[in-house]
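Visitor: What follows is input.cif, mmCIF, C-alpha atoms (C1' of nucleotides).
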```cif
data_protein
#
loop_
_atom_site.group_PDB
_atom_site.id
_atom_site.type_symbol
_atom_site.label_atom_id
_atom_site.label_comp_id
_atom_site.auth_asym_id
_atom_site.auth_seq_id
_atom_site.Cartn_x
_atom_site.Cartn_y
_atom_site.Cartn_z
ATOM 1 C CA MET A 1 -28.676 34.599 -33.611
ATOM 2 C CA GLY A 2 -25.303 36.274 -33.318
ATOM 3 C CA LEU A 3 -25.936 37.792 -36.716
ATOM 4 C CA THR A 4 -26.001 41.550 -36.799
ATOM 5 C CA LYS A 5 -28.792 43.041 -38.870
ATOM 6 C CA THR A 6 -27.503 45.675 -41.224
ATOM 7 C CA ASP A 7 -30.600 46.705 -43.142
ATOM 8 C CA ASN A 8 -31.729 49.021 -40.405
ATOM 9 C CA TYR A 9 -28.709 51.243 -40.520
ATOM 10 C CA THR A 10 -27.021 53.637 -42.853
ATOM 11 C CA GLU A 11 -24.001 52.498 -44.787
ATOM 12 C CA ARG A 12 -21.976 54.925 -42.722
ATOM 13 C CA GLN A 13 -23.146 53.454 -39.441
ATOM 14 C CA VAL A 14 -22.365 49.938 -40.590
ATOM 15 C CA GLU A 15 -18.896 50.796 -41.851
ATOM 16 C CA LEU A 16 -18.046 52.920 -38.856
ATOM 17 C CA SER A 17 -19.135 50.275 -36.377
ATOM 18 C CA LYS A 18 -17.139 47.676 -38.249
ATOM 19 C CA MET A 19 -13.931 49.611 -37.797
ATOM 20 C CA ILE A 20 -14.680 50.446 -34.196
ATOM 21 C CA LYS A 21 -15.467 46.830 -33.459
ATOM 22 C CA VAL A 22 -11.994 45.791 -34.547
ATOM 23 C CA LEU A 23 -10.565 48.437 -32.242
ATOM 24 C CA GLY A 24 -12.593 46.992 -29.398
ATOM 25 C CA HIS A 25 -10.193 44.322 -28.254
ATOM 26 C CA PRO A 26 -7.325 44.816 -25.824
ATOM 27 C CA ALA A 27 -4.895 42.767 -27.919
ATOM 28 C CA ARG A 28 -5.570 44.909 -30.950
ATOM 29 C CA ILE A 29 -5.238 48.109 -28.938
ATOM 30 C CA ALA A 30 -1.924 46.785 -27.641
ATOM 31 C CA ILE A 31 -0.792 45.858 -31.136
ATOM 32 C CA LEU A 32 -1.618 49.293 -32.482
ATOM 33 C CA GLU A 33 0.092 51.031 -29.613
ATOM 34 C CA SER A 34 3.136 48.879 -30.101
ATOM 35 C CA ILE A 35 3.242 49.657 -33.793
ATOM 36 C CA ILE A 36 2.895 53.343 -33.030
ATOM 37 C CA LYS A 37 5.510 53.278 -30.299
ATOM 38 C CA THR A 38 8.225 51.644 -32.342
ATOM 39 C CA ASP A 39 7.204 53.961 -35.145
ATOM 40 C CA ALA A 40 9.193 51.860 -37.521
ATOM 41 C CA CYS A 41 7.095 48.871 -38.436
ATOM 42 C CA VAL A 42 6.940 45.875 -36.181
ATOM 43 C CA CYS A 43 6.444 42.282 -37.154
ATOM 44 C CA GLY A 44 6.587 39.223 -34.935
ATOM 45 C CA ASP A 45 8.073 40.935 -31.919
ATOM 46 C CA LEU A 46 4.445 41.382 -31.012
ATOM 47 C CA VAL A 47 4.303 37.737 -30.091
ATOM 48 C CA THR A 48 6.810 38.244 -27.304
ATOM 49 C CA GLU A 49 5.682 41.741 -26.420
ATOM 50 C CA ILE A 50 2.093 40.655 -25.974
ATOM 51 C CA GLY A 51 1.665 37.226 -24.443
ATOM 52 C CA LEU A 52 -0.365 35.485 -27.106
ATOM 53 C CA ALA A 53 0.339 32.641 -29.479
ATOM 54 C CA GLN A 54 1.789 33.447 -32.859
ATOM 55 C CA SER A 55 -1.300 32.292 -34.675
ATOM 56 C CA THR A 56 -3.466 34.481 -32.486
ATOM 57 C CA ILE A 57 -1.392 37.584 -33.113
ATOM 58 C CA SER A 58 -1.429 36.847 -36.799
ATOM 59 C CA GLN A 59 -5.195 36.637 -36.711
ATOM 60 C CA HIS A 60 -5.534 39.970 -34.927
ATOM 61 C CA LEU A 61 -3.185 41.559 -37.440
ATOM 62 C CA LYS A 62 -5.330 40.214 -40.216
ATOM 63 C CA GLU A 63 -8.435 41.801 -38.781
ATOM 64 C CA LEU A 64 -6.714 45.130 -38.357
ATOM 65 C CA LYS A 65 -5.539 44.864 -41.937
ATOM 66 C CA THR A 66 -8.937 43.819 -43.257
ATOM 67 C CA VAL A 67 -10.595 47.001 -42.017
ATOM 68 C CA GLY A 68 -7.630 48.991 -43.238
ATOM 69 C CA LEU A 69 -6.226 50.263 -39.970
ATOM 70 C CA ILE A 70 -2.799 48.840 -40.704
ATOM 71 C CA GLN A 71 -0.935 47.799 -43.774
ATOM 72 C CA GLY A 72 1.834 45.275 -44.227
ATOM 73 C CA THR A 73 4.799 44.997 -46.501
ATOM 74 C CA ILE A 74 7.278 42.195 -46.873
ATOM 75 C CA GLU A 75 10.576 42.917 -45.196
ATOM 76 C CA GLY A 76 12.957 40.182 -46.178
ATOM 77 C CA THR A 77 11.757 37.068 -44.454
ATOM 78 C CA SER A 78 9.392 38.794 -42.113
ATOM 79 C CA MET A 79 6.383 41.018 -42.357
ATOM 80 C CA CYS A 80 6.384 44.675 -41.520
ATOM 81 C CA TYR A 81 3.208 46.305 -40.347
ATOM 82 C CA CYS A 82 2.406 49.928 -39.883
ATOM 83 C CA ILE A 83 -0.527 52.255 -39.468
ATOM 84 C CA ASP A 84 -2.474 52.879 -42.659
ATOM 85 C CA ALA A 85 -2.494 56.646 -42.523
ATOM 86 C CA LYS A 86 -5.451 57.214 -44.797
ATOM 87 C CA ASN A 87 -7.959 55.029 -43.008
ATOM 88 C CA TRP A 88 -6.527 55.855 -39.627
ATOM 89 C CA ASN A 89 -7.183 59.532 -40.157
ATOM 90 C CA LYS A 90 -10.561 58.855 -41.676
ATOM 91 C CA LEU A 91 -11.643 56.935 -38.608
ATOM 92 C CA LYS A 92 -10.214 59.655 -36.416
ATOM 93 C CA ASP A 93 -12.329 62.228 -38.205
ATOM 94 C CA GLU A 94 -15.482 60.173 -38.010
ATOM 95 C CA LEU A 95 -15.013 59.537 -34.317
ATOM 96 C CA ASN A 96 -14.379 63.203 -33.728
ATOM 97 C CA GLN A 97 -17.571 64.048 -35.534
ATOM 98 C CA LEU A 98 -19.520 61.592 -33.443
ATOM 99 C CA PHE A 99 -18.049 62.654 -30.144
ATOM 100 C CA ASN A 100 -18.326 66.352 -30.873
ATOM 101 C CA SER A 101 -21.915 66.102 -32.062
ATOM 102 C CA ALA A 102 -23.032 65.659 -28.470
ATOM 103 C CA LYS A 103 -22.891 68.917 -26.624
ATOM 104 C CA CYS A 104 -22.121 67.522 -23.229
ATOM 105 C CA GLU A 105 -21.681 70.384 -20.856
ATOM 106 C CA GLY A 106 -23.783 68.834 -18.167
ATOM 107 C CA ASP A 107 -25.964 65.788 -18.220
ATOM 108 C CA CYS A 108 -29.310 66.353 -19.820
ATOM 109 C CA CYS A 109 -31.471 64.059 -17.740
ATOM 110 C CA MET B 1 -12.227 29.904 -26.598
ATOM 111 C CA GLY B 2 -14.161 33.149 -26.951
ATOM 112 C CA LEU B 3 -12.680 34.287 -23.687
ATOM 113 C CA THR B 4 -10.507 37.357 -23.938
ATOM 114 C CA LYS B 5 -7.298 37.191 -21.928
ATOM 115 C CA THR B 6 -6.803 40.288 -19.846
ATOM 116 C CA ASP B 7 -3.593 39.559 -17.969
ATOM 117 C CA ASN B 8 -1.448 40.566 -20.898
ATOM 118 C CA TYR B 9 -2.684 44.119 -21.060
ATOM 119 C CA THR B 10 -2.664 47.232 -18.989
ATOM 120 C CA GLU B 11 -5.737 48.179 -17.026
ATOM 121 C CA ARG B 12 -6.104 51.137 -19.353
ATOM 122 C CA GLN B 13 -6.071 48.968 -22.458
ATOM 123 C CA VAL B 14 -8.667 46.630 -21.020
ATOM 124 C CA GLU B 15 -11.007 49.404 -19.937
ATOM 125 C CA LEU B 16 -10.602 51.361 -23.138
ATOM 126 C CA SER B 17 -11.260 48.348 -25.333
ATOM 127 C CA LYS B 18 -14.333 47.513 -23.291
ATOM 128 C CA MET B 19 -15.900 50.886 -24.014
ATOM 129 C CA ILE B 20 -14.887 50.828 -27.645
ATOM 130 C CA LYS B 21 -16.304 47.364 -28.047
ATOM 131 C CA VAL B 22 -19.715 48.565 -26.959
ATOM 132 C CA LEU B 23 -19.472 51.328 -29.531
ATOM 133 C CA GLY B 24 -18.716 48.764 -32.195
ATOM 134 C CA HIS B 25 -22.222 47.806 -33.155
ATOM 135 C CA PRO B 26 -24.376 49.639 -35.685
ATOM 136 C CA ALA B 27 -27.444 49.507 -33.494
ATOM 137 C CA ARG B 28 -25.629 51.163 -30.655
ATOM 138 C CA ILE B 29 -24.146 53.776 -32.939
ATOM 139 C CA ALA B 30 -27.653 54.439 -34.212
ATOM 140 C CA ILE B 31 -29.008 54.630 -30.687
ATOM 141 C CA LEU B 32 -26.356 57.097 -29.612
ATOM 142 C CA GLU B 33 -26.861 59.246 -32.687
ATOM 143 C CA SER B 34 -30.582 59.239 -32.095
ATOM 144 C CA ILE B 35 -30.139 60.260 -28.490
ATOM 145 C CA ILE B 36 -27.767 63.014 -29.555
ATOM 146 C CA LYS B 37 -30.036 64.195 -32.350
ATOM 147 C CA THR B 38 -33.143 64.577 -30.249
ATOM 148 C CA ASP B 39 -30.892 66.145 -27.638
ATOM 149 C CA ALA B 40 -33.644 65.740 -25.159
ATOM 150 C CA CYS B 41 -33.592 62.187 -23.948
ATOM 151 C CA VAL B 42 -35.250 59.419 -25.913
ATOM 152 C CA CYS B 43 -36.830 56.277 -24.621
ATOM 153 C CA GLY B 44 -38.784 53.700 -26.545
ATOM 154 C CA ASP B 45 -39.076 55.659 -29.751
ATOM 155 C CA LEU B 46 -35.863 53.895 -30.578
ATOM 156 C CA VAL B 47 -37.828 50.740 -31.185
ATOM 157 C CA THR B 48 -39.677 52.334 -34.070
ATOM 158 C CA GLU B 49 -36.788 54.480 -35.225
ATOM 159 C CA ILE B 50 -34.447 51.529 -35.449
ATOM 160 C CA GLY B 51 -36.074 48.336 -36.672
ATOM 161 C CA LEU B 52 -35.327 46.007 -33.798
ATOM 162 C CA ALA B 53 -37.457 44.272 -31.215
ATOM 163 C CA GLN B 54 -38.108 46.049 -27.952
ATOM 164 C CA SER B 55 -36.143 43.521 -25.963
ATOM 165 C CA THR B 56 -33.189 43.889 -28.268
ATOM 166 C CA ILE B 57 -33.134 47.660 -27.982
ATOM 167 C CA SER B 58 -33.427 47.367 -24.239
ATOM 168 C CA GLN B 59 -30.445 45.049 -24.204
ATOM 169 C CA HIS B 60 -28.330 47.434 -26.252
ATOM 170 C CA LEU B 61 -29.305 50.284 -23.965
ATOM 171 C CA LYS B 62 -28.225 48.221 -21.012
ATOM 172 C CA GLU B 63 -24.803 47.649 -22.496
ATOM 173 C CA LEU B 64 -24.357 51.317 -23.250
ATOM 174 C CA LYS B 65 -25.380 52.081 -19.703
ATOM 175 C CA THR B 66 -23.116 49.438 -18.198
ATOM 176 C CA VAL B 67 -19.994 50.992 -19.667
ATOM 177 C CA GLY B 68 -21.293 54.410 -18.708
ATOM 178 C CA LEU B 69 -21.825 55.952 -22.112
ATOM 179 C CA ILE B 70 -25.437 56.781 -21.367
ATOM 180 C CA GLN B 71 -27.508 57.242 -18.285
ATOM 181 C CA GLY B 72 -31.194 56.764 -17.714
ATOM 182 C CA THR B 73 -33.768 58.402 -15.524
ATOM 183 C CA ILE B 74 -37.381 57.515 -15.000
ATOM 184 C CA GLU B 75 -39.730 59.834 -16.836
ATOM 185 C CA GLY B 76 -43.232 59.007 -15.710
ATOM 186 C CA THR B 77 -44.101 55.659 -17.180
ATOM 187 C CA SER B 78 -41.162 55.514 -19.530
ATOM 188 C CA MET B 79 -37.417 55.660 -19.377
ATOM 189 C CA CYS B 80 -35.351 58.600 -20.489
ATOM 190 C CA TYR B 81 -31.841 58.052 -21.713
ATOM 191 C CA CYS B 82 -29.129 60.540 -22.433
ATOM 192 C CA ILE B 83 -25.408 60.773 -22.943
ATOM 193 C CA ASP B 84 -23.388 60.469 -19.769
ATOM 194 C CA ALA B 85 -21.230 63.526 -20.232
ATOM 195 C CA LYS B 86 -18.424 62.539 -17.911
ATOM 196 C CA ASN B 87 -17.611 59.170 -19.442
ATOM 197 C CA TRP B 88 -18.420 60.350 -22.929
ATOM 198 C CA ASN B 89 -15.790 63.037 -22.698
ATOM 199 C CA LYS B 90 -13.344 60.723 -21.040
ATOM 200 C CA LEU B 91 -13.620 58.256 -23.894
ATOM 201 C CA LYS B 92 -13.332 61.103 -26.351
ATOM 202 C CA ASP B 93 -10.073 62.171 -24.737
ATOM 203 C CA GLU B 94 -8.635 58.687 -24.676
ATOM 204 C CA LEU B 95 -9.483 58.111 -28.304
ATOM 205 C CA ASN B 96 -7.945 61.431 -29.227
ATOM 206 C CA GLN B 97 -4.774 60.465 -27.421
ATOM 207 C CA LEU B 98 -4.629 57.168 -29.231
ATOM 208 C CA PHE B 99 -5.327 58.596 -32.640
ATOM 209 C CA ASN B 100 -2.988 61.509 -32.227
ATOM 210 C CA SER B 101 -0.129 59.391 -30.943
ATOM 211 C CA ALA B 102 0.425 58.090 -34.450
ATOM 212 C CA LYS B 103 2.114 60.690 -36.573
ATOM 213 C CA CYS B 104 0.574 59.695 -39.832
ATOM 214 C CA GLU B 105 1.773 62.071 -42.478
ATOM 215 C CA GLY B 106 2.556 59.381 -44.979
ATOM 216 C CA ASP B 107 2.636 55.639 -44.599
ATOM 217 C CA CYS B 108 5.747 54.357 -42.915
ATOM 218 C CA CYS B 109 6.220 51.084 -44.746
ATOM 219 C "C1'" DG C 1 -59.276 47.648 -8.094
ATOM 220 C "C1'" DA C 2 -58.823 46.451 -13.265
ATOM 221 C "C1'" DT C 3 -56.392 47.404 -17.268
ATOM 222 C "C1'" DA C 4 -53.191 49.551 -20.304
ATOM 223 C "C1'" DT C 5 -48.532 51.017 -21.339
ATOM 224 C "C1'" DT C 6 -43.589 50.934 -20.964
ATOM 225 C "C1'" DA C 7 -39.422 48.876 -20.123
ATOM 226 C "C1'" DA C 8 -36.565 45.085 -18.124
ATOM 227 C "C1'" DT C 9 -35.532 40.309 -17.773
ATOM 228 C "C1'" DC C 10 -35.495 35.346 -19.022
ATOM 229 C "C1'" DG C 11 -34.836 31.600 -22.017
ATOM 230 C "C1'" DT C 12 -33.345 30.105 -26.309
ATOM 231 C "C1'" DA C 13 -31.408 29.480 -31.063
ATOM 232 C "C1'" DA C 14 -28.125 30.899 -34.394
ATOM 233 C "C1'" DT C 15 -23.919 32.743 -35.249
ATOM 234 C "C1'" DA C 16 -19.407 35.115 -34.093
ATOM 235 C "C1'" DT C 17 -15.195 35.596 -31.553
ATOM 236 C "C1'" DT C 18 -11.096 34.210 -29.162
ATOM 237 C "C1'" DG C 19 -7.221 31.413 -28.652
ATOM 238 C "C1'" DC C 20 -4.485 27.480 -29.416
ATOM 239 C "C1'" DG C 21 -1.764 23.764 -31.661
ATOM 240 C "C1'" DA C 22 -0.685 21.796 -35.937
ATOM 241 C "C1'" DT C 23 0.303 22.446 -40.420
ATOM 242 C "C1'" DA C 24 1.367 24.907 -44.698
ATOM 243 C "C1'" DT C 25 3.959 28.374 -47.294
ATOM 244 C "C1'" DA C 26 7.649 31.237 -48.679
ATOM 245 C "C1'" DG C 27 12.083 33.227 -48.552
ATOM 246 C "C1'" DA C 28 17.044 33.093 -46.623
ATOM 247 C "C1'" DA C 29 20.954 30.628 -45.323
ATOM 248 C "C1'" DA C 30 23.660 26.611 -45.290
ATOM 249 C "C1'" DT D 1 18.924 20.974 -52.320
ATOM 250 C "C1'" DT D 2 18.196 20.983 -47.528
ATOM 251 C "C1'" DT D 3 17.190 23.502 -43.603
ATOM 252 C "C1'" DC D 4 15.885 27.243 -40.872
ATOM 253 C "C1'" DT D 5 12.943 31.181 -39.850
ATOM 254 C "C1'" DA D 6 8.836 33.923 -40.080
ATOM 255 C "C1'" DT D 7 4.231 34.227 -40.975
ATOM 256 C "C1'" DA D 8 -0.288 32.610 -42.528
ATOM 257 C "C1'" DT D 9 -3.932 29.343 -42.487
ATOM 258 C "C1'" DC D 10 -6.756 25.391 -40.803
ATOM 259 C "C1'" DG D 11 -9.437 22.991 -37.535
ATOM 260 C "C1'" DC D 12 -11.120 22.915 -33.235
ATOM 261 C "C1'" DA D 13 -13.138 23.878 -28.451
ATOM 262 C "C1'" DA D 14 -14.858 27.217 -25.306
ATOM 263 C "C1'" DT D 15 -17.216 31.186 -24.754
ATOM 264 C "C1'" DA D 16 -19.635 35.541 -26.235
ATOM 265 C "C1'" DT D 17 -22.925 38.093 -28.941
ATOM 266 C "C1'" DT D 18 -27.134 39.088 -31.306
ATOM 267 C "C1'" DA D 19 -31.869 38.891 -31.713
ATOM 268 C "C1'" DC D 20 -36.346 37.347 -30.674
ATOM 269 C "C1'" DG D 21 -40.677 36.059 -28.230
ATOM 270 C "C1'" DA D 22 -42.612 35.455 -23.813
ATOM 271 C "C1'" DT D 23 -42.902 36.940 -19.377
ATOM 272 C "C1'" DT D 24 -42.439 40.039 -15.507
ATOM 273 C "C1'" DA D 25 -42.486 44.541 -12.982
ATOM 274 C "C1'" DA D 26 -43.883 49.062 -12.374
ATOM 275 C "C1'" DT D 27 -46.412 52.935 -13.162
ATOM 276 C "C1'" DA D 28 -50.707 55.400 -15.335
ATOM 277 C "C1'" DT D 29 -55.336 55.614 -16.491
ATOM 278 C "C1'" DC D 30 -59.944 54.178 -16.325
#
```
Take the structure in this file and express it as structure tokens.
Guide:
Amino acid sequence: MGLTKTDNYTERQVELSKMIKVLGHPARIAILESIIKTDACVCGDLVTEIGLAQSTISQHLKELKTVGLIQGTIEGTSMCYCIDAKNWNKLKDELNQLFNSAKCEGDCC
Amino acid sequence: MGLTKTDNYTERQVELSKMIKVLGHPARIAILESIIKTDACVCGDLVTEIGLAQSTISQHLKELKTVGLIQGTIEGTSMCYCIDAKNWNKLKDELNQLFNSAKCEGDCC
DNA sequence: GATATTAATCGTAATATTGCGATATAGAAA
DNA sequence: TTTCTATATCGCAATATTACGATTAATATC
């Protein structure tokens, strides 16, 4: 099918997994880390920094933007992307909640 | 293509994205939360708790196990799954590093 | 041994994702 | 206006994912 059922889950689970899913690709991890590293916002340098076609990078940026992890503003002729602080921190909190909810001192089975 | 290029990225980025990717599905979030909630290890109750076919749940469990997020031990006639503390905490740390590396007071662009 | 029960695996259909080249769009520079 | 530059979008091909039913494998129970 390839189609994820959503009725079975809470709204929270669906939304959370959607954001995490976008994180779950090495190119998008690399893009985010590059954006973070240069602190100032990066645009199409990503194409040379990561070895993917321009259209592919653009697509990954779009996905990151769609879930709200980054935001873009026009900078002259090029596009300037940066971390979207609000959603970034929200995801951080939700992940922390999830990972801290398991009390993993030792394995339980 | 559907085939993710891996040459462009660091080993760390590839491995991290692989684990995150497995997290990025509502069923697997639900499974993990159920395992955490019952603390003791759950097996095929997941099939009734989440509304998916037995084979589908089994497949999701396999993926979680493959990346090391859970571990399973035989419990009589059924299978007992629980969080794999070591990898769970490792992923937690890596995510914390990633999310804390962005100093997101306000938006930067 | 015969028969449940539980979970894993196989095969398959529908859909999604990844990546690319080609093209379109929009602003800057000439 | 023409041209250049940067990015987005389209269309496509290859592959991956999701989910299911059917089957298999392994252990309990009768």
Visitor: Can you tell me which residues surround stretch 77-82 of chain B at a distance of at most 7 Å, considering only C-alpha atoms (C1' of nucleotides), apart from same-chain residues fewer than 3 positions away, and format the answer as an mmCIF file with C-alpha atoms (C1' of nucleotides), in the coordinates of the input?
Guide:
```cif
data_model
loop_
_atom_site.group_PDB
_atom_site.id
_atom_site.type_symbol
_atom_site.label_atom_id
_atom_site.label_comp_id
_atom_site.auth_asym_id
_atom_site.auth_seq_id
_atom_site.Cartn_x
_atom_site.Cartn_y
_atom_site.Cartn_z
ATOM 1 C CA CYS A 108 -29.310 66.353 -19.820
ATOM 2 C CA CYS A 109 -31.471 64.059 -17.740
ATOM 3 C CA ILE B 35 -30.139 60.260 -28.490
ATOM 4 C CA CYS B 41 -33.592 62.187 -23.948
ATOM 5 C CA VAL B 42 -35.250 59.419 -25.913
ATOM 6 C CA CYS B 43 -36.830 56.277 -24.621
ATOM 7 C CA ILE B 70 -25.437 56.781 -21.367
ATOM 8 C CA GLN B 71 -27.508 57.242 -18.285
ATOM 9 C CA GLY B 72 -31.194 56.764 -17.714
ATOM 10 C CA THR B 73 -33.768 58.402 -15.524
ATOM 11 C CA ILE B 74 -37.381 57.515 -15.000
ATOM 12 C "C1'" DT C 6 -43.589 50.934 -20.964
ATOM 13 C "C1'" DA C 7 -39.422 48.876 -20.123
ATOM 14 C "C1'" DT D 27 -46.412 52.935 -13.162
ATOM 15 C "C1'" DA D 28 -50.707 55.400 -15.335
#
```
Visitor: With chain A held fixed, move chain B onto it by a least-squares fit of all C-alpha atoms in order and give the output as an mmCIF file with C-alpha atoms, keeping the file's coordinate frame.
Guide:
```cif
data_model
loop_
_atom_site.group_PDB
_atom_site.id
_atom_site.type_symbol
_atom_site.label_atom_id
_atom_site.label_comp_id
_atom_site.auth_asym_id
_atom_site.auth_seq_id
_atom_site.Cartn_x
_atom_site.Cartn_y
_atom_site.Cartn_z
ATOM 1 C CA MET B 1 -28.709 34.680 -33.476
ATOM 2 C CA GLY B 2 -25.272 36.283 -33.361
ATOM 3 C CA LEU B 3 -25.946 37.770 -36.749
ATOM 4 C CA THR B 4 -26.001 41.539 -36.823
ATOM 5 C CA LYS B 5 -28.800 43.039 -38.891
ATOM 6 C CA THR B 6 -27.522 45.681 -41.249
ATOM 7 C CA ASP B 7 -30.636 46.730 -43.135
ATOM 8 C CA ASN B 8 -31.754 49.021 -40.361
ATOM 9 C CA TYR B 9 -28.725 51.255 -40.480
ATOM 10 C CA THR B 10 -27.045 53.643 -42.816
ATOM 11 C CA GLU B 11 -24.031 52.516 -44.777
ATOM 12 C CA ARG B 12 -21.993 54.940 -42.710
ATOM 13 C CA GLN B 13 -23.154 53.447 -39.428
ATOM 14 C CA VAL B 14 -22.372 49.938 -40.589
ATOM 15 C CA GLU B 15 -18.908 50.801 -41.852
ATOM 16 C CA LEU B 16 -18.046 52.914 -38.847
ATOM 17 C CA SER B 17 -19.139 50.259 -36.380
ATOM 18 C CA LYS B 18 -17.133 47.663 -38.262
ATOM 19 C CA MET B 19 -13.917 49.611 -37.799
ATOM 20 C CA ILE B 20 -14.681 50.449 -34.203
ATOM 21 C CA LYS B 21 -15.454 46.841 -33.463
ATOM 22 C CA VAL B 22 -11.993 45.808 -34.566
ATOM 23 C CA LEU B 23 -10.561 48.436 -32.253
ATOM 24 C CA GLY B 24 -12.554 46.989 -29.394
ATOM 25 C CA HIS B 25 -10.174 44.307 -28.266
ATOM 26 C CA PRO B 26 -7.290 44.816 -25.853
ATOM 27 C CA ALA B 27 -4.895 42.787 -27.945
ATOM 28 C CA ARG B 28 -5.541 44.924 -30.964
ATOM 29 C CA ILE B 29 -5.225 48.104 -28.956
ATOM 30 C CA ALA B 30 -1.920 46.780 -27.658
ATOM 31 C CA ILE B 31 -0.796 45.867 -31.151
ATOM 32 C CA LEU B 32 -1.624 49.296 -32.505
ATOM 33 C CA GLU B 33 0.094 51.042 -29.618
ATOM 34 C CA SER B 34 3.143 48.885 -30.113
ATOM 35 C CA ILE B 35 3.250 49.661 -33.804
ATOM 36 C CA ILE B 36 2.877 53.353 -33.045
ATOM 37 C CA LYS B 37 5.496 53.285 -30.308
ATOM 38 C CA THR B 38 8.215 51.663 -32.355
ATOM 39 C CA ASP B 39 7.166 53.994 -35.150
ATOM 40 C CA ALA B 40 9.138 51.894 -37.513
ATOM 41 C CA CYS B 41 7.056 48.901 -38.409
ATOM 42 C CA VAL B 42 6.919 45.863 -36.167
ATOM 43 C CA CYS B 43 6.414 42.280 -37.138
ATOM 44 C CA GLY B 44 6.628 39.229 -34.946
ATOM 45 C CA ASP B 45 8.066 40.950 -31.918
ATOM 46 C CA LEU B 46 4.443 41.386 -31.021
ATOM 47 C CA VAL B 47 4.303 37.740 -30.090
ATOM 48 C CA THR B 48 6.811 38.255 -27.310
ATOM 49 C CA GLU B 49 5.670 41.748 -26.422
ATOM 50 C CA ILE B 50 2.080 40.665 -25.999
ATOM 51 C CA GLY B 51 1.657 37.231 -24.459
ATOM 52 C CA LEU B 52 -0.356 35.492 -27.136
ATOM 53 C CA ALA B 53 0.349 32.641 -29.502
ATOM 54 C CA GLN B 54 1.795 33.450 -32.891
ATOM 55 C CA SER B 55 -1.310 32.311 -34.699
ATOM 56 C CA THR B 56 -3.474 34.479 -32.511
ATOM 57 C CA ILE B 57 -1.400 37.582 -33.128
ATOM 58 C CA SER B 58 -1.431 36.851 -36.822
ATOM 59 C CA GLN B 59 -5.201 36.628 -36.729
ATOM 60 C CA HIS B 60 -5.542 39.957 -34.953
ATOM 61 C CA LEU B 61 -3.195 41.548 -37.456
ATOM 62 C CA LYS B 62 -5.335 40.208 -40.242
ATOM 63 C CA GLU B 63 -8.439 41.798 -38.801
ATOM 64 C CA LEU B 64 -6.717 45.126 -38.383
ATOM 65 C CA LYS B 65 -5.543 44.869 -41.957
ATOM 66 C CA THR B 66 -8.946 43.846 -43.281
ATOM 67 C CA VAL B 67 -10.603 47.011 -42.033
ATOM 68 C CA GLY B 68 -7.631 49.001 -43.255
ATOM 69 C CA LEU B 69 -6.224 50.262 -39.987
ATOM 70 C CA ILE B 70 -2.797 48.840 -40.711
ATOM 71 C CA GLN B 71 -0.917 47.783 -43.768
ATOM 72 C CA GLY B 72 1.839 45.261 -44.201
ATOM 73 C CA THR B 73 4.824 44.964 -46.461
ATOM 74 C CA ILE B 74 7.290 42.152 -46.814
ATOM 75 C CA GLU B 75 10.589 42.889 -45.129
ATOM 76 C CA GLY B 76 12.980 40.137 -46.090
ATOM 77 C CA THR B 77 11.851 37.025 -44.310
ATOM 78 C CA SER B 78 9.412 38.768 -42.031
ATOM 79 C CA MET B 79 6.399 40.988 -42.291
ATOM 80 C CA CYS B 80 6.385 44.664 -41.494
ATOM 81 C CA TYR B 81 3.214 46.300 -40.316
ATOM 82 C CA CYS B 82 2.400 49.936 -39.886
ATOM 83 C CA ILE B 83 -0.524 52.271 -39.492
ATOM 84 C CA ASP B 84 -2.454 52.886 -42.678
ATOM 85 C CA ALA B 85 -2.497 56.653 -42.539
ATOM 86 C CA LYS B 86 -5.436 57.225 -44.835
ATOM 87 C CA ASN B 87 -7.963 55.050 -43.035
ATOM 88 C CA TRP B 88 -6.530 55.865 -39.646
ATOM 89 C CA ASN B 89 -7.191 59.535 -40.178
ATOM 90 C CA LYS B 90 -10.563 58.872 -41.688
ATOM 91 C CA LEU B 91 -11.644 56.938 -38.623
ATOM 92 C CA LYS B 92 -10.206 59.651 -36.433
ATOM 93 C CA ASP B 93 -12.339 62.227 -38.216
ATOM 94 C CA GLU B 94 -15.493 60.172 -38.008
ATOM 95 C CA LEU B 95 -15.013 59.535 -34.323
ATOM 96 C CA ASN B 96 -14.383 63.209 -33.734
ATOM 97 C CA GLN B 97 -17.597 64.048 -35.528
ATOM 98 C CA LEU B 98 -19.524 61.580 -33.440
ATOM 99 C CA PHE B 99 -18.045 62.654 -30.153
ATOM 100 C CA ASN B 100 -18.344 66.330 -30.879
ATOM 101 C CA SER B 101 -21.935 66.093 -32.044
ATOM 102 C CA ALA B 102 -23.025 65.641 -28.451
ATOM 103 C CA LYS B 103 -22.891 68.913 -26.608
ATOM 104 C CA CYS B 104 -22.088 67.510 -23.236
ATOM 105 C CA GLU B 105 -21.661 70.366 -20.840
ATOM 106 C CA GLY B 106 -23.752 68.816 -18.134
ATOM 107 C CA ASP B 107 -25.940 65.756 -18.185
ATOM 108 C CA CYS B 108 -29.279 66.313 -19.829
ATOM 109 C CA CYS B 109 -31.463 64.051 -17.730
#
```
Visitor: I need the residue set behind the PyMOL selection byres ((chain C) within 12 of (chain B)) for this file; please write it as a PyMOL selection string.
Guide: chain C and resi 4-10+16-20
Visitor: Taking C-alpha atoms (C1' of nucleotides) for each residue, export the selection above as a short mmCIF file (atom, residue, chain, number, x, y, z; two decimals), in the coordinates of the input.
Guide:
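Result went into selection-v7.cif, see below:
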```cif
data_model
loop_
_atom_site.label_atom_id
_atom_site.label_comp_id
_atom_site.auth_asym_id
_atom_site.auth_seq_id
_atom_site.Cartn_x
_atom_site.Cartn_y
_atom_site.Cartn_z
"C1'" DA C 4 -53.19 49.55 -20.30
"C1'" DT C 5 -48.53 51.02 -21.34
"C1'" DT C 6 -43.59 50.93 -20.96
"C1'" DA C 7 -39.42 48.88 -20.12
"C1'" DA C 8 -36.56 45.08 -18.12
"C1'" DT C 9 -35.53 40.31 -17.77
"C1'" DC C 10 -35.49 35.35 -19.02
"C1'" DA C 16 -19.41 35.12 -34.09
"C1'" DT C 17 -15.20 35.60 -31.55
"C1'" DT C 18 -11.10 34.21 -29.16
"C1'" DG C 19 -7.22 31.41 -28.65
"C1'" DC C 20 -4.49 27.48 -29.42
#
```
